[in-house]
$ cat upload07.tsv   # TSV, C-alpha atoms and all ligand atoms
chain	number	residue	atom	x	y	z
K	1	MET	CA	9.49	13.67	6.90
K	2	LEU	CA	8.94	11.18	9.67
K	3	PRO	CA	12.09	9.57	11.13
K	4	ILE	CA	11.87	6.18	12.88
K	5	TYR	CA	14.60	3.75	13.79
K	6	GLU	CA	14.87	0.35	12.16
K	7	LYS	CA	17.33	-1.49	14.38
K	8	ASP	CA	20.38	0.78	14.12
K	9	ARG	CA	19.44	2.45	10.83
K	10	ALA	CA	17.36	5.62	10.61
K	11	VAL	CA	14.33	5.19	8.35
K	12	THR	CA	12.84	8.22	6.68
K	13	VAL	CA	9.56	8.44	4.81
K	14	ARG	CA	9.52	11.01	2.00
K	15	PRO	CA	7.46	11.76	-1.12
K	16	ALA	CA	8.47	9.48	-3.98
K	17	CYS	CA	10.32	10.82	-7.02
K	18	ALA	CA	10.77	9.50	-10.56
K	19	GLY	CA	14.14	7.99	-9.62
K	20	ASP	CA	12.40	5.58	-7.22
K	21	ALA	CA	10.63	3.69	-10.03
K	22	GLU	CA	13.08	0.76	-10.18
K	23	ALA	CA	13.24	0.23	-6.41
K	24	VAL	CA	9.45	0.39	-6.12
K	25	ARG	CA	9.12	-2.00	-9.08
K	26	ALA	CA	11.40	-4.52	-7.38
K	27	ILE	CA	9.31	-4.49	-4.18
K	28	ARG	CA	6.06	-4.66	-6.14
K	29	ASN	CA	7.25	-7.47	-8.41
K	30	HIS	CA	8.42	-9.51	-5.44
K	31	ALA	CA	4.89	-9.27	-4.02
K	32	ILE	CA	3.41	-10.17	-7.41
K	33	GLU	CA	5.62	-13.23	-7.79
K	34	HIS	CA	5.58	-14.55	-4.21
K	35	SER	CA	2.39	-13.43	-2.47
K	36	THR	CA	-1.35	-12.99	-2.78
K	37	ALA	CA	-1.10	-9.30	-1.79
K	38	LEU	CA	-1.44	-8.21	-5.45
K	39	TRP	CA	-3.86	-10.25	-7.54
K	40	THR	CA	-1.86	-10.54	-10.73
K	41	GLU	CA	0.86	-12.94	-11.81
K	42	THR	CA	2.29	-10.51	-14.39
K	43	PRO	CA	5.34	-8.53	-13.20
K	44	GLN	CA	5.61	-4.85	-14.12
K	45	SER	CA	8.10	-3.92	-16.85
K	46	PRO	CA	10.40	-0.93	-16.25
K	47	ALA	CA	8.29	1.23	-18.61
K	48	GLU	CA	5.04	0.23	-16.88
K	49	ALA	CA	6.57	0.99	-13.49
K	50	GLU	CA	7.66	4.45	-14.64
K	51	ALA	CA	4.21	5.25	-16.05
K	52	TRP	CA	2.47	3.90	-12.93
K	53	LEU	CA	4.65	5.98	-10.62
K	54	ALA	CA	4.32	9.08	-12.83
K	55	ARG	CA	0.53	9.04	-12.35
K	56	HIS	CA	1.07	9.05	-8.58
K	57	LEU	CA	3.70	11.79	-8.74
K	58	GLU	CA	1.23	14.06	-10.58
K	59	ARG	CA	-1.19	13.91	-7.66
K	60	GLY	CA	1.38	13.59	-4.85
K	61	SER	CA	0.07	10.21	-3.74
K	62	ALA	CA	3.27	8.11	-3.48
K	63	PHE	CA	5.75	7.89	-0.60
K	64	VAL	CA	8.83	5.80	0.01
K	65	ALA	CA	10.64	4.67	3.14
K	66	GLU	CA	14.41	4.93	2.91
K	67	ALA	CA	17.16	3.57	5.16
K	68	GLY	CA	20.87	3.95	4.47
K	69	GLY	CA	20.16	5.17	0.93
K	70	GLU	CA	18.01	2.11	0.15
K	71	VAL	CA	14.26	2.18	-0.52
K	72	THR	CA	12.73	-0.24	2.00
K	73	GLY	CA	9.05	0.29	1.25
K	74	PHE	CA	6.43	2.41	-0.45
K	75	ALA	CA	2.84	3.51	0.00
K	76	THR	CA	0.32	5.03	-2.41
K	77	PHE	CA	-3.26	6.15	-2.55
K	78	ALA	CA	-5.36	6.14	-5.71
K	79	PRO	CA	-8.99	6.72	-6.68
K	80	TRP	CA	-11.10	3.84	-5.40
K	81	ARG	CA	-13.55	3.98	-8.32
K	82	GLU	CA	-13.67	6.21	-11.39
K	83	LEU	CA	-17.16	7.81	-11.33
K	84	GLU	CA	-17.13	11.33	-9.84
K	85	GLY	CA	-19.39	10.36	-6.94
K	86	TYR	CA	-16.42	8.44	-5.52
K	87	ARG	CA	-14.06	11.43	-5.75
K	88	HIS	CA	-13.56	11.75	-1.98
K	89	THR	CA	-12.67	8.06	-1.57
K	90	VAL	CA	-9.21	6.62	-2.16
K	91	GLU	CA	-7.69	3.15	-1.84
K	92	ASP	CA	-4.37	2.71	-0.10
K	93	SER	CA	-1.45	0.41	-0.79
K	94	VAL	CA	1.52	-0.31	1.52
K	95	TYR	CA	4.49	-2.56	0.70
K	96	VAL	CA	7.65	-3.19	2.69
K	97	ARG	CA	10.70	-4.89	1.22
K	98	GLU	CA	11.05	-8.60	2.06
K	99	GLY	CA	13.37	-8.99	5.05
K	100	ARG	CA	12.29	-5.65	6.57
K	101	HIS	CA	8.79	-6.65	7.70
K	102	GLY	CA	7.70	-6.21	11.31
K	103	LEU	CA	10.07	-3.31	12.01
K	104	GLY	CA	7.51	-0.51	12.00
K	105	ILE	CA	8.18	0.64	8.43
K	106	GLY	CA	4.65	-0.16	7.22
K	107	SER	CA	3.21	1.79	10.15
K	108	THR	CA	5.36	4.84	9.39
K	109	LEU	CA	4.38	4.69	5.72
K	110	LEU	CA	0.68	4.34	6.50
K	111	ALA	CA	0.77	7.24	9.00
K	112	THR	CA	2.30	9.47	6.31
K	113	LEU	CA	-0.19	8.28	3.69
K	114	ILE	CA	-3.23	8.93	5.89
K	115	ALA	CA	-1.98	12.45	6.65
K	116	ALA	CA	-1.43	13.11	2.93
K	117	ALA	CA	-4.89	11.81	1.96
K	118	ARG	CA	-6.46	14.02	4.63
K	119	GLU	CA	-4.39	17.00	3.45
K	120	ALA	CA	-5.60	16.36	-0.10
K	121	GLY	CA	-9.20	16.72	1.13
K	122	HIS	CA	-10.31	13.10	0.88
K	123	HIS	CA	-12.99	11.75	3.19
K	124	LEU	CA	-12.49	7.99	3.15
K	125	VAL	CA	-9.56	5.59	2.77
K	126	ILE	CA	-10.41	2.02	1.79
K	127	ALA	CA	-8.08	-0.95	2.04
K	128	GLY	CA	-8.78	-4.06	-0.02
K	129	ILE	CA	-6.85	-6.90	1.62
K	130	GLU	CA	-6.63	-10.61	0.88
K	131	ALA	CA	-8.54	-12.05	3.83
K	132	GLY	CA	-5.63	-14.22	4.99
K	133	ASN	CA	-3.14	-11.32	5.11
K	134	GLY	CA	-2.96	-10.96	8.90
K	135	ALA	CA	-0.07	-8.47	8.84
K	136	SER	CA	-1.94	-6.02	6.62
K	137	ILE	CA	-5.22	-6.41	8.53
K	138	ARG	CA	-3.38	-5.78	11.82
K	139	LEU	CA	-1.53	-2.80	10.33
K	140	HIS	CA	-4.81	-1.19	9.25
K	141	GLU	CA	-6.58	-1.98	12.53
K	142	ARG	CA	-3.73	-0.24	14.31
K	143	PHE	CA	-4.64	3.00	12.50
K	144	GLY	CA	-8.35	2.75	13.27
K	145	PHE	CA	-9.56	1.19	10.03
K	146	GLU	CA	-12.80	-0.70	10.66
K	147	HIS	CA	-13.85	-3.91	8.94
K	148	ALA	CA	-16.40	-3.19	6.20
K	149	GLY	CA	-16.99	-6.78	5.11
K	150	THR	CA	-15.38	-9.65	3.27
K	151	VAL	CA	-16.27	-10.51	-0.31
K	152	ARG	CA	-15.85	-14.25	-0.61
K	153	GLU	CA	-14.13	-15.58	-3.73
K	154	ALA	CA	-13.62	-12.10	-5.21
K	155	GLY	CA	-10.47	-13.12	-7.07
K	156	VAL	CA	-8.06	-15.87	-8.00
K	157	LYS	CA	-4.29	-16.36	-7.88
K	158	PHE	CA	-1.91	-19.33	-7.91
K	159	GLY	CA	-4.89	-21.53	-8.84
K	160	ARG	CA	-7.04	-20.75	-5.82
K	161	ARG	CA	-9.94	-18.41	-5.13
K	162	LEU	CA	-9.27	-15.51	-2.77
K	163	ASP	CA	-11.53	-13.58	-0.40
K	164	LEU	CA	-11.26	-9.77	-0.23
K	165	THR	CA	-11.54	-8.04	3.13
K	166	LEU	CA	-12.51	-4.37	2.88
K	167	MET	CA	-11.55	-1.93	5.63
K	168	ARG	CA	-12.44	1.77	5.90
K	169	LEU	CA	-11.07	4.83	7.67
K	170	ALA	CA	-13.03	8.11	7.71
K	171	LEU	CA	-10.71	11.13	7.71
K	172	ASP	CA	-13.11	13.88	8.80
H	1	LIG	C1	1.63	-5.58	5.51
H	1	LIG	C2	2.97	-4.85	5.66
H	1	LIG	C3	2.94	-3.60	4.78
H	1	LIG	C4	3.11	-4.41	7.13
H	1	LIG	O1	4.29	-3.62	7.25
H	1	LIG	P1	5.33	-3.89	8.44
H	1	LIG	O2	6.40	-2.89	8.37
H	1	LIG	O3	5.72	-5.32	8.37
H	1	LIG	O4	4.36	-3.64	9.70
H	1	LIG	P2	4.73	-2.99	11.09
H	1	LIG	O5	6.05	-3.49	11.56
H	1	LIG	O6	4.55	-1.50	11.00
H	1	LIG	O7	3.58	-3.62	12.02
H	1	LIG	C5	2.23	-3.19	11.95
H	1	LIG	C6	1.37	-4.09	12.81
H	1	LIG	O8	1.21	-5.35	12.14
H	1	LIG	C7	1.65	-6.40	12.99
H	1	LIG	N1	2.27	-7.41	12.14
H	1	LIG	C8	3.40	-7.30	11.41
H	1	LIG	N2	3.65	-8.44	10.77
H	1	LIG	C9	2.65	-9.29	11.13
H	1	LIG	C10	2.34	-10.63	10.81
H	1	LIG	N3	3.11	-11.33	9.95
H	1	LIG	N4	1.20	-11.17	11.31
H	1	LIG	C11	0.41	-10.47	12.15
H	1	LIG	N5	0.65	-9.20	12.51
H	1	LIG	C12	1.76	-8.63	12.00
H	1	LIG	C13	2.64	-5.75	13.91
H	1	LIG	O9	2.78	-6.50	15.11
H	1	LIG	C14	1.99	-4.41	14.15
H	1	LIG	O10	0.90	-4.53	15.04
H	1	LIG	P3	1.05	-4.09	16.60
H	1	LIG	O11	1.29	-2.62	16.58
H	1	LIG	O12	-0.24	-4.49	17.18
H	1	LIG	O13	2.22	-4.86	17.14
H	1	LIG	C15	4.18	-5.75	5.32
H	1	LIG	O14	4.11	-6.93	6.10
H	1	LIG	C16	4.25	-6.12	3.85
H	1	LIG	O15	4.83	-5.38	3.06
H	1	LIG	N6	3.68	-7.28	3.47
H	1	LIG	C17	3.70	-7.74	2.08
H	1	LIG	C18	2.89	-6.82	1.17
H	1	LIG	C19	1.46	-6.64	1.66
H	1	LIG	O16	0.80	-7.60	2.08
H	1	LIG	N7	0.98	-5.38	1.56
H	1	LIG	C20	-0.39	-5.04	1.93
H	1	LIG	C21	-1.31	-5.35	0.80
H	1	LIG	S1	-3.03	-5.06	1.27
$ encode --input "upload07.tsv" --output "structure tokens"
Amino acid sequence: MLPIYEKDRAVTVRPACAGDAEAVRAIRNHAIEHSTALWTETPQSPAEAEAWLARHLERGSAFVAEAGGEVTGFATFAPWRELEGYRHTVEDSVYVREGRHGLGIGSTLLATLIAAAREAGHHLVIAGIEAGNGASIRLHERFGFEHAGTVREAGVKFGRRLDLTLMRLALD
């Protein structure tokens, strides 16, 4: 558990539990509806959110930030690609609740996630970031992720094509 201080409220990062599904869904759906961080325009239903989180809980790859009893962010890692040759490579995901950005919560979540991925024996963490997402690129640079290239026009959302910046962090 890693305590930081968000203004006057202590923020704690802890492993996620099944009871966090709704709070995580709300943060995720806000990003789906209002940003190009997640490249889908379809919000998660409660059942989908439960199933999605349950897969993470099985492998211990989901964490939440909590302040004053409220979930203020979450982070996960998941297999980057399915074939077994990629088994030591995971992709990360970090989301902070709207209104709580820029307070260090994303950094605390990512620090915990990197430690957990290393503990789980993974070799590489990859971040796939919409090229215009300066906050996420800066967050990952801060932890030593290096730029691995940008795939132009890799996706589409809100009627425009999006470029995907890949960043990598070797853990051992
Ligand atoms: C990206 C995100 C997780 C960062 O979390 P955060 O709690 O706001 O970040 P932190 O406060 O820990 O700051 C991390 C670094 O990013 C920088 N940063 C934060 N917001 C920024 C912004 N809007 N533009 C540029 N840099 C920014 C901070 O200054 C800090 O860098 P520094 O140490 O050099 O000062 C958060 O902004 C977020 O949830 N965004 C929406 C969802 C998203 O884009 N997720 C990532 C998908 S790839």
$ closest_atom_pairs --input "upload07.tsv" --of "region 135-160 of chain K" --to "region 75-98 of chain K" --cutoff "12 Å" --atoms "only C-alpha atoms" --output "tab-separated table"
residue	atom	partner	partner_atom	distance
K:Ala135	CA	K:Tyr95	CA	11.0
K:Ser136	CA	K:Val94	CA	8.4
K:Ile137	CA	K:Val94	CA	11.5
K:Leu139	CA	K:Val94	CA	9.6
K:His140	CA	K:Val94	CA	10.0
K:Phe145	CA	K:Asp92	CA	11.5
$ residues_near_ligand --input "upload07.tsv" --ligand "ligand LIG 1 (chain H)" --cutoff "7 Å" --atoms "all atoms listed in the file" --output "ChimeraX atom specification"
/K:31,37-38,93-97,100-108,127-130,133-136,138-139,142
$ atom_distance --input "upload07.tsv" --atom1 "CA of Ala23 (chain K)" --atom2 "CA of Phe74 (chain K)"
9.3 Å
$ closest_residue --input "upload07.tsv" --among "K:Ile27, K:Trp52, K:Asp172, K:Ala21" --to "Ala115 (chain K)" --atoms "all atoms listed in the file"
K:Asp172
$ residues_around --input "upload07.tsv" --residues "region 65-71 of chain K" --least-positions-apart "6" --cutoff "6 Å" --atoms "only C-alpha atoms" --output "number ranges by chain"
K: 10-13
$ axis_aligned_box --input "upload07.tsv" --around "region 90-104 of chain K" --padding-each-side "5 Å" --output "lines of an AutoDock Vina configuration file"
center_x = 2.1
center_y = -1.2
center_z = 4.9
size_x = 32.6
size_y = 25.6
size_z = 24.2
$ closest_residue --input "upload07.tsv" --among "K:Thr36, K:Thr112, K:His30, K:Ser61" --to "Gly99 (chain K)" --atoms "all atoms listed in the file"
K:His30
$ residues_around --input "upload07.tsv" --residues "Arg168 (chain K)" --least-positions-apart "2" --cutoff "9 Å" --atoms "all atoms listed in the file" --output "VMD selection string"
chain K and resid 124 to 127 140 144 to 148 166 170
$ closest_residue --input "upload07.tsv" --among "K:Leu164, K:Ile114, K:Ala16, K:Ala26" --to "Glu58 (chain K)" --atoms "all atoms listed in the file"
K:Ala16
$ atom_distance --input "upload07.tsv" --atom1 "CA of Gly73 (chain K)" --atom2 "CA of Arg152 (chain K)"
28.9 Å
$ residues_around --input "upload07.tsv" --residues "Glu33 (chain K)" --least-positions-apart "6" --cutoff "9 Å" --atoms "all atoms listed in the file" --output "ChimeraX atom specification"
/K:40-43
$ atom_distance --input "upload07.tsv" --atom1 "CA of Thr150 (chain K)" --atom2 "CA of Asp163 (chain K)"
6.6 Å
$ closest_residue --input "upload07.tsv" --among "K:Leu162, K:Val24, K:Ala117, K:Ala49" --to "Thr72 (chain K)" --atoms "all atoms listed in the file"
K:Val24
$ closest_residue --input "upload07.tsv" --among "K:Gly132, K:Glu141, K:Ala154, K:Ala111" --to "Ser35 (chain K)" --atoms "only C-alpha atoms"
K:Gly132
